[in-house]
Amino acid sequence: VEMTDVKFAISTEVNGPDIRVEITPDGYEGYYFFEAVETATLEQAASAYEYAYDSFSANLSYYLWMSDSLEEALESLCWKGSASDTFTGDPETSYTIMAYAVNDEGLVCSKPEVVEVTTEAVGMSGNELTISVTGIKSRSALLSVTPSDNEDPYTCAVVTDEEIAGKSEEEIIRYILDYYWYNLEQIYGPFSEDLTELEPGTGYTVCAFGYQANTATTSLFSEKFTTPEAVEGKSTFELSLDKYYDVGEVAELDPDIINELNLAPDVEALLTTEVTTVPETDEFYYLITGDSAIDTMSEDELKEYCYNFGNTGSKAIFGHYYGVEQTAVGFAVDADGNWGPLWKKTFTPTRDGVSDPSEFIAFKDSISSGAQ
């Protein structure tokens, strides 16, 4: 690797287990990366450069898997110009901040600039959290949390009342830290979230507290709410299934259609669908499948299946095969959040039933997603 002599100005600010890092390259305009490494871990490496090379290569491998090109991966992973970030480490632990240049081939190409810092113990916070739950429906609600100090981190979790029945505030915090740690985030400032996938007729508690390094820094703040029992919704659902088109005929008008829609190469027909709901609603779930297993499912099970795995677009394109029976199922959700009656229809595309391919081109141009 051709090495580059690059200097970085590194400034740090420690707040408990958090390390705020600001980096300014000295006359260098290319890619670079910086990270916080436990000093004890770095001391086990052959050299700071060897550690940086291996660490960045592992990071880049993941970004390459998520990206379309090396350039896109580097743009997502690296910095250019001045940059800053906050790392959360273990309390009272020595860390080394490393900054190093990366070339256009994704290789570390400078000796790492290093600064060593030590995190502090987690301190208690005076942050007070105000919790609000509004728009409560049978399966959804809107959660809002407002802190008294936007600079102090906190976290929150929504649990069923049954989970924490009989627990003290301290035991509830411990329960959340032990069993919800993988979902907990450090939140700064006001926070809101649409709560979905709630169970009808169920009591919930929003639990919030100051949070750093998997440690509670305040007492518990909580708000209880109960979702109403579900009733059948007022909105009905219907999916148009009468328009489908021969792939070969469509490809004569648009040769790139198979790649553009990400179709399997042997797909024979393209079905266009459009949702109609009465009264009109913008929340609905549906799917089309040839799996006979849905014939053994109850209406409630089919609704749950649609809700978890179905489509939500008002218009869609599906790839199909001639002579293969398909079943479409779906339902709408009314303004009160109640699930309407299940709609279900079986159909079989045939070569004789195809429509004019020019109609498909117009339909495709009206939507942005690929085929299902």
# chains A, B, ... in the order shown; residues from 1 in each chain; ligands from 1
call {"tool": "residues_around", "arguments": {"residues": "Thr226 (chain A)", "least_positions_apart": "4", "cutoff": "7 Å", "atoms": "only C-alpha atoms", "output": "count of residues only"}}
result
4
call {"tool": "closest_atom_pairs", "arguments": {"of": "region 113-167 of chain A", "to": "region 67-89 of chain A", "cutoff": "10 Å", "atoms": "only C-alpha atoms", "output": "JSON lines"}}
result
{"residue": "A:Thr118", "atom": "CA", "partner": "A:Gly89", "partner_atom": "CA", "distance": 9.5}
{"residue": "A:Thr119", "atom": "CA", "partner": "A:Gly89", "partner_atom": "CA", "distance": 7.2}
{"residue": "A:Glu120", "atom": "CA", "partner": "A:Gly89", "partner_atom": "CA", "distance": 9.6}
call {"tool": "write_last_selection", "arguments": {"atoms": "all heavy atoms", "output": "mmCIF file, in the first residue's frame"}}
result
data_model
loop_
_atom_site.group_PDB
_atom_site.id
_atom_site.type_symbol
_atom_site.label_atom_id
_atom_site.label_comp_id
_atom_site.auth_asym_id
_atom_site.auth_seq_id
_atom_site.Cartn_x
_atom_site.Cartn_y
_atom_site.Cartn_z
ATOM 1 N N THR A 118 -9.676 8.501 28.939
ATOM 2 C CA THR A 118 -10.277 7.575 29.901
ATOM 3 C C THR A 118 -11.692 8.033 30.221
ATOM 4 O O THR A 118 -11.908 9.203 30.570
ATOM 5 C CB THR A 118 -9.443 7.509 31.194
ATOM 6 O OG1 THR A 118 -8.116 7.050 30.878
ATOM 7 C CG2 THR A 118 -10.077 6.546 32.193
ATOM 8 N N THR A 119 -12.633 7.130 30.089
ATOM 9 C CA THR A 119 -14.020 7.472 30.393
ATOM 10 C C THR A 119 -14.218 7.605 31.899
ATOM 11 O O THR A 119 -13.425 7.106 32.703
ATOM 12 C CB THR A 119 -14.980 6.397 29.854
ATOM 13 O OG1 THR A 119 -14.593 5.120 30.380
ATOM 14 C CG2 THR A 119 -14.945 6.345 28.336
ATOM 15 N N GLU A 120 -15.293 8.279 32.251
ATOM 16 C CA GLU A 120 -15.604 8.513 33.656
ATOM 17 C C GLU A 120 -16.701 7.557 34.124
ATOM 18 O O GLU A 120 -17.350 6.885 33.313
ATOM 19 C CB GLU A 120 -16.070 9.957 33.840
ATOM 20 C CG GLU A 120 -15.066 10.998 33.387
ATOM 21 C CD GLU A 120 -15.679 12.381 33.283
ATOM 22 O OE1 GLU A 120 -16.926 12.478 33.175
ATOM 23 O OE2 GLU A 120 -14.912 13.353 33.284
#
call {"tool": "residues_around", "arguments": {"residues": "Asp246 (chain A)", "least_positions_apart": "6", "cutoff": "9 Å", "atoms": "only C-alpha atoms", "output": "PyMOL selection string"}}
result
chain A and resi 268-270+351+354-357
call {"tool": "select_by_dssp", "arguments": {"residues": "region 21-262 of chain A", "states": "strand (DSSP E or B)", "output": "JSON, numbers by chain"}}
result
{"A": [21, 22, 23, 24, 25, 31, 32, 33, 34, 35, 36, 37, 38, 79, 83, 84, 85, 86, 87, 88, 94, 95, 96, 97, 98, 99, 100, 101, 102, 108, 113, 114, 115, 116, 117, 118, 129, 130, 131, 132, 133, 134, 141, 142, 143, 144, 145, 146, 147, 154, 155, 156, 157, 158, 159, 160, 187, 191, 192, 193, 194, 195, 203, 204, 205, 206, 207, 208, 209, 210, 211, 212, 215, 216, 221, 222, 223, 224, 225, 226, 236, 237, 238, 239, 243, 244, 245, 246]}
call {"tool": "closest_residue", "arguments": {"among": "A:Val231, A:Val206, A:Leu64, A:Ala293", "to": "Asp336 (chain A)", "atoms": "only C-alpha atoms"}}
result
A:Val231
call {"tool": "residues_around", "arguments": {"residues": "Pro17 (chain A)", "least_positions_apart": "3", "cutoff": "12 Å", "atoms": "only C-alpha atoms", "output": "ChimeraX atom specification"}}
result
/A:13-14,20,86-95,117-123,153,211-215
call {"tool": "select_by_dssp", "arguments": {"residues": "region 65-291 of chain A", "states": "alpha helix (DSSP H)", "output": "PyMOL selection string"}}
result
chain A and resi 65-66+70-77+161-164+169-179+247-253+257-260
call {"tool": "write_last_selection", "arguments": {"atoms": "N, CA, C and O atoms", "output": "tab-separated table (two decimals), in the first residue's frame"}}
result
chain	number	residue	atom	x	y	z
A	65	TRP	N	-21.20	-5.18	1.13
A	65	TRP	CA	-22.35	-6.09	0.99
A	65	TRP	C	-23.65	-5.29	0.90
A	65	TRP	O	-24.58	-5.70	0.21
A	66	MET	N	-23.70	-4.13	1.54
A	66	MET	CA	-24.90	-3.31	1.55
A	66	MET	C	-24.94	-2.29	0.41
A	66	MET	O	-25.96	-1.63	0.20
A	70	LEU	N	-17.83	0.08	-4.66
A	70	LEU	CA	-16.83	0.45	-3.67
A	70	LEU	C	-16.94	1.94	-3.34
A	70	LEU	O	-16.86	2.33	-2.17
A	71	GLU	N	-17.17	2.76	-4.36
A	71	GLU	CA	-17.29	4.19	-4.13
A	71	GLU	C	-18.46	4.51	-3.20
A	71	GLU	O	-18.33	5.32	-2.28
A	72	GLU	N	-19.61	3.85	-3.43
A	72	GLU	CA	-20.78	4.07	-2.57
A	72	GLU	C	-20.49	3.64	-1.14
A	72	GLU	O	-20.89	4.31	-0.18
A	73	ALA	N	-19.78	2.51	-0.98
A	73	ALA	CA	-19.45	2.01	0.35
A	73	ALA	C	-18.53	3.00	1.08
A	73	ALA	O	-18.72	3.29	2.26
A	74	LEU	N	-17.53	3.52	0.38
A	74	LEU	CA	-16.60	4.46	1.00
A	74	LEU	C	-17.30	5.76	1.36
A	74	LEU	O	-17.02	6.36	2.41
A	75	GLU	N	-18.20	6.22	0.51
A	75	GLU	CA	-18.94	7.45	0.80
A	75	GLU	C	-19.81	7.28	2.05
A	75	GLU	O	-20.00	8.22	2.83
A	76	SER	N	-20.34	6.08	2.26
A	76	SER	CA	-21.20	5.82	3.41
A	76	SER	C	-20.39	5.63	4.70
A	76	SER	O	-20.83	6.03	5.78
A	77	LEU	N	-19.21	5.04	4.58
A	77	LEU	CA	-18.44	4.64	5.75
A	77	LEU	C	-17.46	5.71	6.22
A	77	LEU	O	-17.26	5.89	7.43
A	161	ASP	N	-48.46	-4.65	31.00
A	161	ASP	CA	-48.61	-4.59	32.46
A	161	ASP	C	-48.35	-5.96	33.09
A	161	ASP	O	-47.83	-6.05	34.21
A	162	GLU	N	-48.70	-7.00	32.35
A	162	GLU	CA	-48.50	-8.36	32.87
A	162	GLU	C	-47.03	-8.65	33.12
A	162	GLU	O	-46.67	-9.33	34.09
A	163	GLU	N	-46.14	-8.13	32.24
A	163	GLU	CA	-44.71	-8.39	32.38
A	163	GLU	C	-44.14	-7.84	33.68
A	163	GLU	O	-43.22	-8.42	34.26
A	164	ILE	N	-44.65	-6.70	34.13
A	164	ILE	CA	-44.04	-6.03	35.28
A	164	ILE	C	-44.94	-6.03	36.51
A	164	ILE	O	-44.68	-5.31	37.47
A	169	GLU	N	-40.27	-0.12	41.25
A	169	GLU	CA	-39.67	0.71	40.20
A	169	GLU	C	-38.24	0.26	39.89
A	169	GLU	O	-37.84	0.19	38.73
A	170	GLU	N	-37.47	-0.04	40.94
A	170	GLU	CA	-36.10	-0.49	40.73
A	170	GLU	C	-36.07	-1.83	39.99
A	170	GLU	O	-35.22	-2.06	39.11
A	171	GLU	N	-37.00	-2.72	40.31
A	171	GLU	CA	-37.05	-4.02	39.64
A	171	GLU	C	-37.49	-3.88	38.19
A	171	GLU	O	-37.03	-4.63	37.32
A	172	ILE	N	-38.38	-2.92	37.91
A	172	ILE	CA	-38.79	-2.69	36.53
A	172	ILE	C	-37.61	-2.20	35.69
A	172	ILE	O	-37.39	-2.69	34.57
A	173	ILE	N	-36.84	-1.26	36.22
A	173	ILE	CA	-35.66	-0.78	35.50
A	173	ILE	C	-34.69	-1.93	35.24
A	173	ILE	O	-34.18	-2.09	34.13
A	174	ARG	N	-34.45	-2.75	36.25
A	174	ARG	CA	-33.54	-3.88	36.08
A	174	ARG	C	-34.06	-4.86	35.04
A	174	ARG	O	-33.30	-5.38	34.21
A	175	TYR	N	-35.37	-5.08	35.05
A	175	TYR	CA	-36.00	-5.99	34.08
A	175	TYR	C	-35.78	-5.48	32.66
A	175	TYR	O	-35.42	-6.25	31.75
A	176	ILE	N	-35.99	-4.18	32.45
A	176	ILE	CA	-35.83	-3.61	31.11
A	176	ILE	C	-34.37	-3.66	30.68
A	176	ILE	O	-34.06	-4.01	29.53
A	177	LEU	N	-33.45	-3.34	31.58
A	177	LEU	CA	-32.03	-3.41	31.24
A	177	LEU	C	-31.60	-4.82	30.90
A	177	LEU	O	-30.75	-5.04	30.03
A	178	ASP	N	-32.18	-5.81	31.58
A	178	ASP	CA	-31.78	-7.20	31.37
A	178	ASP	C	-32.43	-7.83	30.13
A	178	ASP	O	-31.79	-8.61	29.42
A	179	TYR	N	-33.70	-7.47	29.86
A	179	TYR	CA	-34.44	-8.18	28.82
A	179	TYR	C	-34.73	-7.35	27.57
A	179	TYR	O	-35.17	-7.90	26.56
A	247	VAL	N	-45.85	-11.28	-20.70
A	247	VAL	CA	-44.52	-10.71	-20.55
A	247	VAL	C	-43.86	-10.51	-21.90
A	247	VAL	O	-43.23	-9.46	-22.15
A	248	GLY	N	-44.01	-11.47	-22.79
A	248	GLY	CA	-43.38	-11.34	-24.11
A	248	GLY	C	-43.91	-10.15	-24.87
A	248	GLY	O	-43.14	-9.41	-25.50
A	249	GLU	N	-45.21	-9.93	-24.83
A	249	GLU	CA	-45.80	-8.80	-25.55
A	249	GLU	C	-45.36	-7.47	-24.94
A	249	GLU	O	-45.10	-6.50	-25.64
A	250	VAL	N	-45.28	-7.44	-23.60
A	250	VAL	CA	-44.82	-6.22	-22.93
A	250	VAL	C	-43.36	-5.95	-23.26
A	250	VAL	O	-42.95	-4.81	-23.50
A	251	ALA	N	-42.54	-7.02	-23.30
A	251	ALA	CA	-41.11	-6.87	-23.58
A	251	ALA	C	-40.86	-6.34	-24.99
A	251	ALA	O	-39.83	-5.69	-25.24
A	252	GLU	N	-41.77	-6.60	-25.91
A	252	GLU	CA	-41.62	-6.04	-27.26
A	252	GLU	C	-41.72	-4.51	-27.21
A	252	GLU	O	-41.07	-3.81	-28.01
A	253	LEU	N	-42.51	-3.99	-26.29
A	253	LEU	CA	-42.64	-2.53	-26.15
A	253	LEU	C	-41.55	-1.96	-25.24
A	253	LEU	O	-41.15	-0.81	-25.40
A	257	ILE	N	-37.92	-4.57	-19.41
A	257	ILE	CA	-38.93	-4.73	-18.38
A	257	ILE	C	-38.58	-5.79	-17.34
A	257	ILE	O	-38.84	-5.63	-16.14
A	258	ILE	N	-37.97	-6.90	-17.78
A	258	ILE	CA	-37.66	-7.99	-16.84
A	258	ILE	C	-36.65	-7.52	-15.79
A	258	ILE	O	-36.83	-7.74	-14.59
A	259	ASN	N	-35.59	-6.84	-16.25
A	259	ASN	CA	-34.59	-6.34	-15.30
A	259	ASN	C	-35.15	-5.19	-14.47
A	259	ASN	O	-34.89	-5.09	-13.26
A	260	GLU	N	-35.93	-4.32	-15.09
A	260	GLU	CA	-36.45	-3.15	-14.39
A	260	GLU	C	-37.36	-3.54	-13.24
A	260	GLU	O	-37.34	-2.94	-12.17
call {"tool": "closest_residue", "arguments": {"among": "A:Asn338, A:Lys303, A:Asp352, A:Asn127", "to": "Gly323 (chain A)", "atoms": "only C-alpha atoms"}}
result
A:Asp352
call {"tool": "closest_residue", "arguments": {"among": "A:Gly30, A:Gly319, A:Gly135, A:Gly233", "to": "Trp339 (chain A)", "atoms": "only C-alpha atoms"}}
result
A:Gly233
call {"tool": "closest_residue", "arguments": {"among": "A:Glu229, A:Tyr53, A:Ala99, A:Gly353", "to": "Glu22 (chain A)", "atoms": "only C-alpha atoms"}}
result
A:Ala99
call {"tool": "residues_around", "arguments": {"residues": "Thr276 (chain A)", "least_positions_apart": "4", "cutoff": "12 Å", "atoms": "only C-alpha atoms", "output": "VMD selection string"}}
result
chain A and resid 235 to 241 280 to 286 313 to 315 330 to 332 343
call {"tool": "residues_around", "arguments": {"residues": "Lys364 (chain A)", "least_positions_apart": "4", "cutoff": "12 Å", "atoms": "only C-alpha atoms", "output": "JSON list (two decimals) with all heavy atoms, in the first residue's frame"}}
result
[["chain", "number", "residue", "atom", "x", "y", "z"],
["A", 245, "TYR", "N", -51.06, -9.14, -18.22],
["A", 245, "TYR", "CA", -50.44, -8.91, -19.52],
["A", 245, "TYR", "C", -49.36, -9.95, -19.78],
["A", 245, "TYR", "O", -48.66, -10.39, -18.87],
["A", 245, "TYR", "CB", -49.83, -7.50, -19.57],
["A", 245, "TYR", "CG", -50.82, -6.44, -19.17],
["A", 245, "TYR", "CD1", -51.02, -6.11, -17.82],
["A", 245, "TYR", "CD2", -51.58, -5.78, -20.12],
["A", 245, "TYR", "CE1", -51.93, -5.15, -17.44],
["A", 245, "TYR", "CE2", -52.51, -4.81, -19.75],
["A", 245, "TYR", "CZ", -52.68, -4.51, -18.41],
["A", 245, "TYR", "OH", -53.60, -3.56, -18.04],
["A", 250, "VAL", "N", -45.28, -7.44, -23.60],
["A", 250, "VAL", "CA", -44.82, -6.22, -22.93],
["A", 250, "VAL", "C", -43.36, -5.95, -23.26],
["A", 250, "VAL", "O", -42.95, -4.81, -23.50],
["A", 250, "VAL", "CB", -45.02, -6.32, -21.40],
["A", 250, "VAL", "CG1", -44.37, -5.14, -20.69],
["A", 250, "VAL", "CG2", -46.50, -6.39, -21.06],
["A", 254, "ASP", "N", -41.09, -2.75, -24.27],
["A", 254, "ASP", "CA", -40.09, -2.30, -23.31],
["A", 254, "ASP", "C", -39.13, -3.46, -23.01],
["A", 254, "ASP", "O", -39.35, -4.25, -22.10],
["A", 254, "ASP", "CB", -40.77, -1.83, -22.02],
["A", 254, "ASP", "CG", -39.80, -1.22, -21.03],
["A", 254, "ASP", "OD1", -38.58, -1.30, -21.26],
["A", 254, "ASP", "OD2", -40.25, -0.66, -20.01],
["A", 257, "ILE", "N", -37.92, -4.57, -19.41],
["A", 257, "ILE", "CA", -38.93, -4.73, -18.38],
["A", 257, "ILE", "C", -38.58, -5.79, -17.34],
["A", 257, "ILE", "O", -38.84, -5.63, -16.14],
["A", 257, "ILE", "CB", -40.32, -5.04, -19.01],
["A", 257, "ILE", "CG1", -41.42, -4.80, -17.99],
["A", 257, "ILE", "CG2", -40.38, -6.45, -19.55],
["A", 257, "ILE", "CD1", -41.61, -3.36, -17.63],
["A", 260, "GLU", "N", -35.93, -4.32, -15.09],
["A", 260, "GLU", "CA", -36.45, -3.15, -14.39],
["A", 260, "GLU", "C", -37.36, -3.54, -13.24],
["A", 260, "GLU", "O", -37.34, -2.94, -12.17],
["A", 260, "GLU", "CB", -37.20, -2.26, -15.38],
["A", 260, "GLU", "CG", -37.69, -0.96, -14.79],
["A", 260, "GLU", "CD", -38.40, -0.08, -15.80],
["A", 260, "GLU", "OE1", -38.25, -0.33, -17.01],
["A", 260, "GLU", "OE2", -39.14, 0.83, -15.38],
["A", 261, "LEU", "N", -38.16, -4.59, -13.45],
["A", 261, "LEU", "CA", -39.09, -5.04, -12.42],
["A", 261, "LEU", "C", -38.52, -6.16, -11.57],
["A", 261, "LEU", "O", -39.21, -6.68, -10.68],
["A", 261, "LEU", "CB", -40.40, -5.50, -13.05],
["A", 261, "LEU", "CG", -41.21, -4.43, -13.79],
["A", 261, "LEU", "CD1", -42.47, -5.04, -14.39],
["A", 261, "LEU", "CD2", -41.57, -3.29, -12.86],
["A", 270, "LEU", "N", -47.97, -10.60, -16.19],
["A", 270, "LEU", "CA", -47.83, -9.50, -15.25],
["A", 270, "LEU", "C", -49.22, -9.00, -14.86],
["A", 270, "LEU", "O", -49.97, -8.51, -15.71],
["A", 270, "LEU", "CB", -47.03, -8.36, -15.89],
["A", 270, "LEU", "CG", -45.58, -8.67, -16.22],
["A", 270, "LEU", "CD1", -44.98, -7.55, -17.06],
["A", 270, "LEU", "CD2", -44.78, -8.88, -14.95],
["A", 271, "LEU", "N", -49.56, -9.19, -13.59],
["A", 271, "LEU", "CA", -50.86, -8.76, -13.08],
["A", 271, "LEU", "C", -50.72, -7.36, -12.48],
["A", 271, "LEU", "O", -49.82, -7.09, -11.70],
["A", 271, "LEU", "CB", -51.33, -9.73, -11.99],
["A", 271, "LEU", "CG", -52.57, -9.31, -11.19],
["A", 271, "LEU", "CD1", -53.82, -9.39, -12.06],
["A", 271, "LEU", "CD2", -52.72, -10.19, -9.95],
["A", 272, "THR", "N", -51.61, -6.45, -12.86],
["A", 272, "THR", "CA", -51.65, -5.12, -12.24],
["A", 272, "THR", "C", -52.85, -5.07, -11.30],
["A", 272, "THR", "O", -53.95, -5.51, -11.64],
["A", 272, "THR", "CB", -51.76, -4.02, -13.30],
["A", 272, "THR", "OG1", -52.94, -4.19, -14.08],
["A", 272, "THR", "CG2", -50.55, -4.03, -14.21],
["A", 273, "THR", "N", -52.63, -4.53, -10.12],
["A", 273, "THR", "CA", -53.70, -4.48, -9.13],
["A", 273, "THR", "C", -53.86, -3.06, -8.60],
["A", 273, "THR", "O", -52.91, -2.28, -8.56],
["A", 273, "THR", "CB", -53.40, -5.41, -7.93],
["A", 273, "THR", "OG1", -52.22, -4.95, -7.26],
["A", 273, "THR", "CG2", -53.19, -6.84, -8.40],
["A", 274, "GLU", "N", -55.07, -2.76, -8.16],
["A", 274, "GLU", "CA", -55.36, -1.48, -7.54],
["A", 274, "GLU", "C", -56.36, -1.70, -6.41],
["A", 274, "GLU", "O", -57.34, -2.43, -6.58],
["A", 274, "GLU", "CB", -55.90, -0.49, -8.57],
["A", 274, "GLU", "CG", -55.97, 0.93, -8.06],
["A", 274, "GLU", "CD", -56.09, 1.95, -9.17],
["A", 274, "GLU", "OE1", -56.04, 1.56, -10.36],
["A", 274, "GLU", "OE2", -56.24, 3.15, -8.85],
["A", 315, "LYS", "N", -51.26, 0.54, -5.51],
["A", 315, "LYS", "CA", -51.09, -0.09, -6.81],
["A", 315, "LYS", "C", -49.88, -1.00, -6.76],
["A", 315, "LYS", "O", -48.89, -0.70, -6.09],
["A", 315, "LYS", "CB", -50.87, 0.97, -7.90],
["A", 315, "LYS", "CG", -52.06, 1.86, -8.19],
["A", 315, "LYS", "CD", -51.73, 2.82, -9.33],
["A", 315, "LYS", "CE", -52.92, 3.70, -9.69],
["A", 315, "LYS", "NZ", -52.59, 4.61, -10.82],
["A", 316, "ALA", "N", -49.94, -2.13, -7.47],
["A", 316, "ALA", "CA", -48.81, -3.06, -7.45],
["A", 316, "ALA", "C", -48.81, -3.90, -8.72],
["A", 316, "ALA", "O", -49.81, -3.99, -9.44],
["A", 316, "ALA", "CB", -48.86, -3.96, -6.21],
["A", 317, "ILE", "N", -47.65, -4.51, -9.00],
["A", 317, "ILE", "CA", -47.48, -5.42, -10.13],
["A", 317, "ILE", "C", -46.99, -6.75, -9.57],
["A", 317, "ILE", "O", -46.07, -6.80, -8.76],
["A", 317, "ILE", "CB", -46.45, -4.87, -11.13],
["A", 317, "ILE", "CG1", -46.91, -3.53, -11.70],
["A", 317, "ILE", "CG2", -46.19, -5.87, -12.24],
["A", 317, "ILE", "CD1", -45.85, -2.80, -12.50],
["A", 318, "PHE", "N", -47.63, -7.84, -10.03],
["A", 318, "PHE", "CA", -47.25, -9.18, -9.58],
["A", 318, "PHE", "C", -46.90, -10.05, -10.80],
["A", 318, "PHE", "O", -47.59, -10.00, -11.82],
["A", 318, "PHE", "CB", -48.41, -9.85, -8.82],
["A", 318, "PHE", "CG", -48.75, -9.18, -7.52],
["A", 318, "PHE", "CD1", -49.60, -8.08, -7.49],
["A", 318, "PHE", "CD2", -48.24, -9.65, -6.33],
["A", 318, "PHE", "CE1", -49.93, -7.46, -6.30],
["A", 318, "PHE", "CE2", -48.56, -9.04, -5.12],
["A", 318, "PHE", "CZ", -49.40, -7.93, -5.11],
["A", 357, "PRO", "N", -50.86, -4.75, -24.08],
["A", 357, "PRO", "CA", -49.63, -4.45, -23.35],
["A", 357, "PRO", "C", -49.35, -2.96, -23.19],
["A", 357, "PRO", "O", -48.64, -2.56, -22.26],
["A", 357, "PRO", "CB", -48.53, -5.13, -24.19],
["A", 357, "PRO", "CG", -49.13, -5.29, -25.55],
["A", 357, "PRO", "CD", -50.60, -5.52, -25.32],
["A", 358, "SER", "N", -49.88, -2.13, -24.07],
["A", 358, "SER", "CA", -49.65, -0.69, -23.93],
["A", 358, "SER", "C", -50.29, -0.16, -22.64],
["A", 358, "SER", "O", -49.81, 0.81, -22.05],
["A", 358, "SER", "CB", -50.20, 0.06, -25.14],
["A", 358, "SER", "OG", -51.61, -0.10, -25.24],
["A", 359, "GLU", "N", -51.38, -0.81, -22.19],
["A", 359, "GLU", "CA", -52.00, -0.41, -20.93],
["A", 359, "GLU", "C", -51.05, -0.66, -19.76],
["A", 359, "GLU", "O", -51.02, 0.11, -18.79],
["A", 359, "GLU", "CB", -53.30, -1.18, -20.71],
["A", 359, "GLU", "CG", -54.39, -0.92, -21.73],
["A", 359, "GLU", "CD", -55.60, -1.79, -21.48],
["A", 359, "GLU", "OE1", -55.59, -2.56, -20.48],
["A", 359, "GLU", "OE2", -56.55, -1.73, -22.28],
["A", 360, "PHE", "N", -50.27, -1.75, -19.86],
["A", 360, "PHE", "CA", -49.34, -2.07, -18.78],
["A", 360, "PHE", "C", -48.26, -1.00, -18.65],
["A", 360, "PHE", "O", -47.89, -0.61, -17.54],
["A", 360, "PHE", "CB", -48.68, -3.43, -19.00],
["A", 360, "PHE", "CG", -47.64, -3.75, -17.97],
["A", 360, "PHE", "CD1", -47.99, -4.28, -16.74],
["A", 360, "PHE", "CD2", -46.30, -3.48, -18.21],
["A", 360, "PHE", "CE1", -47.04, -4.53, -15.77],
["A", 360, "PHE", "CE2", -45.33, -3.72, -17.23],
["A", 360, "PHE", "CZ", -45.71, -4.26, -16.02],
["A", 368, "SER", "N", -43.81, 3.30, -8.61],
["A", 368, "SER", "CA", -42.35, 3.33, -8.56],
["A", 368, "SER", "C", -41.72, 2.01, -8.13],
["A", 368, "SER", "O", -40.53, 1.81, -8.27],
["A", 368, "SER", "CB", -41.89, 4.44, -7.60],
["A", 368, "SER", "OG", -42.41, 4.22, -6.30],
["A", 369, "SER", "N", -42.51, 1.11, -7.58],
["A", 369, "SER", "CA", -41.93, -0.15, -7.05],
["A", 369, "SER", "C", -41.88, -1.20, -8.14],
["A", 369, "SER", "O", -42.54, -1.13, -9.16],
["A", 369, "SER", "CB", -42.77, -0.66, -5.88],
["A", 369, "SER", "OG", -44.09, -0.92, -6.29],
["A", 370, "GLY", "N", -41.05, -2.23, -7.89],
["A", 370, "GLY", "CA", -40.93, -3.34, -8.82],
["A", 370, "GLY", "C", -42.05, -4.33, -8.66],
["A", 370, "GLY", "O", -43.00, -4.13, -7.89],
["A", 371, "ALA", "N", -41.96, -5.44, -9.39],
["A", 371, "ALA", "CA", -42.99, -6.47, -9.32],
["A", 371, "ALA", "C", -42.83, -7.30, -8.05],
["A", 371, "ALA", "O", -41.76, -7.43, -7.50],
["A", 371, "ALA", "CB", -42.93, -7.36, -10.55]]
call {"tool": "closest_residue", "arguments": {"among": "A:Leu60, A:Leu42, A:Ser47, A:Leu129", "to": "Thr96 (chain A)", "atoms": "only C-alpha atoms"}}
result
A:Leu42
call {"tool": "residues_around", "arguments": {"residues": "region 145-148 of chain A", "least_positions_apart": "3", "cutoff": "8 Å", "atoms": "only C-alpha atoms", "output": "VMD selection string"}}
result
chain A and resid 127 to 132 189 to 192
call {"tool": "write_last_selection", "arguments": {"atoms": "C-alpha atoms", "output": "compact mmCIF listing (two decimals), in the first residue's frame"}}
result
# COMPACT_ATOMS: atom_id res chain seq x y z
CA ASN A 127 -33.32 14.81 33.87
CA GLU A 128 -37.12 14.63 34.22
CA LEU A 129 -39.12 12.87 31.54
CA THR A 130 -42.72 13.74 30.59
CA ILE A 131 -44.52 10.90 28.80
CA SER A 132 -47.64 11.24 26.67
CA GLY A 189 -34.17 15.64 23.25
CA PRO A 190 -37.88 15.15 22.46
CA PHE A 191 -38.83 11.76 21.05
CA SER A 192 -41.95 10.41 19.39
call {"tool": "atom_distance", "arguments": {"atom1": "CA of Ile361 (chain A)", "atom2": "CA of Asp266 (chain A)"}}
result
19.7 Å
call {"tool": "atom_distance", "arguments": {"atom1": "CA of Gln186 (chain A)", "atom2": "CA of Leu220 (chain A)"}}
result
15.4 Å
call {"tool": "atom_distance", "arguments": {"atom1": "CA of Ile187 (chain A)", "atom2": "CA of Glu151 (chain A)"}}
result
9.4 Å
call {"tool": "closest_residue", "arguments": {"among": "A:Ser110, A:Gln326, A:Thr196, A:Asn311", "to": "Lys137 (chain A)", "atoms": "only C-alpha atoms"}}
result
A:Thr196
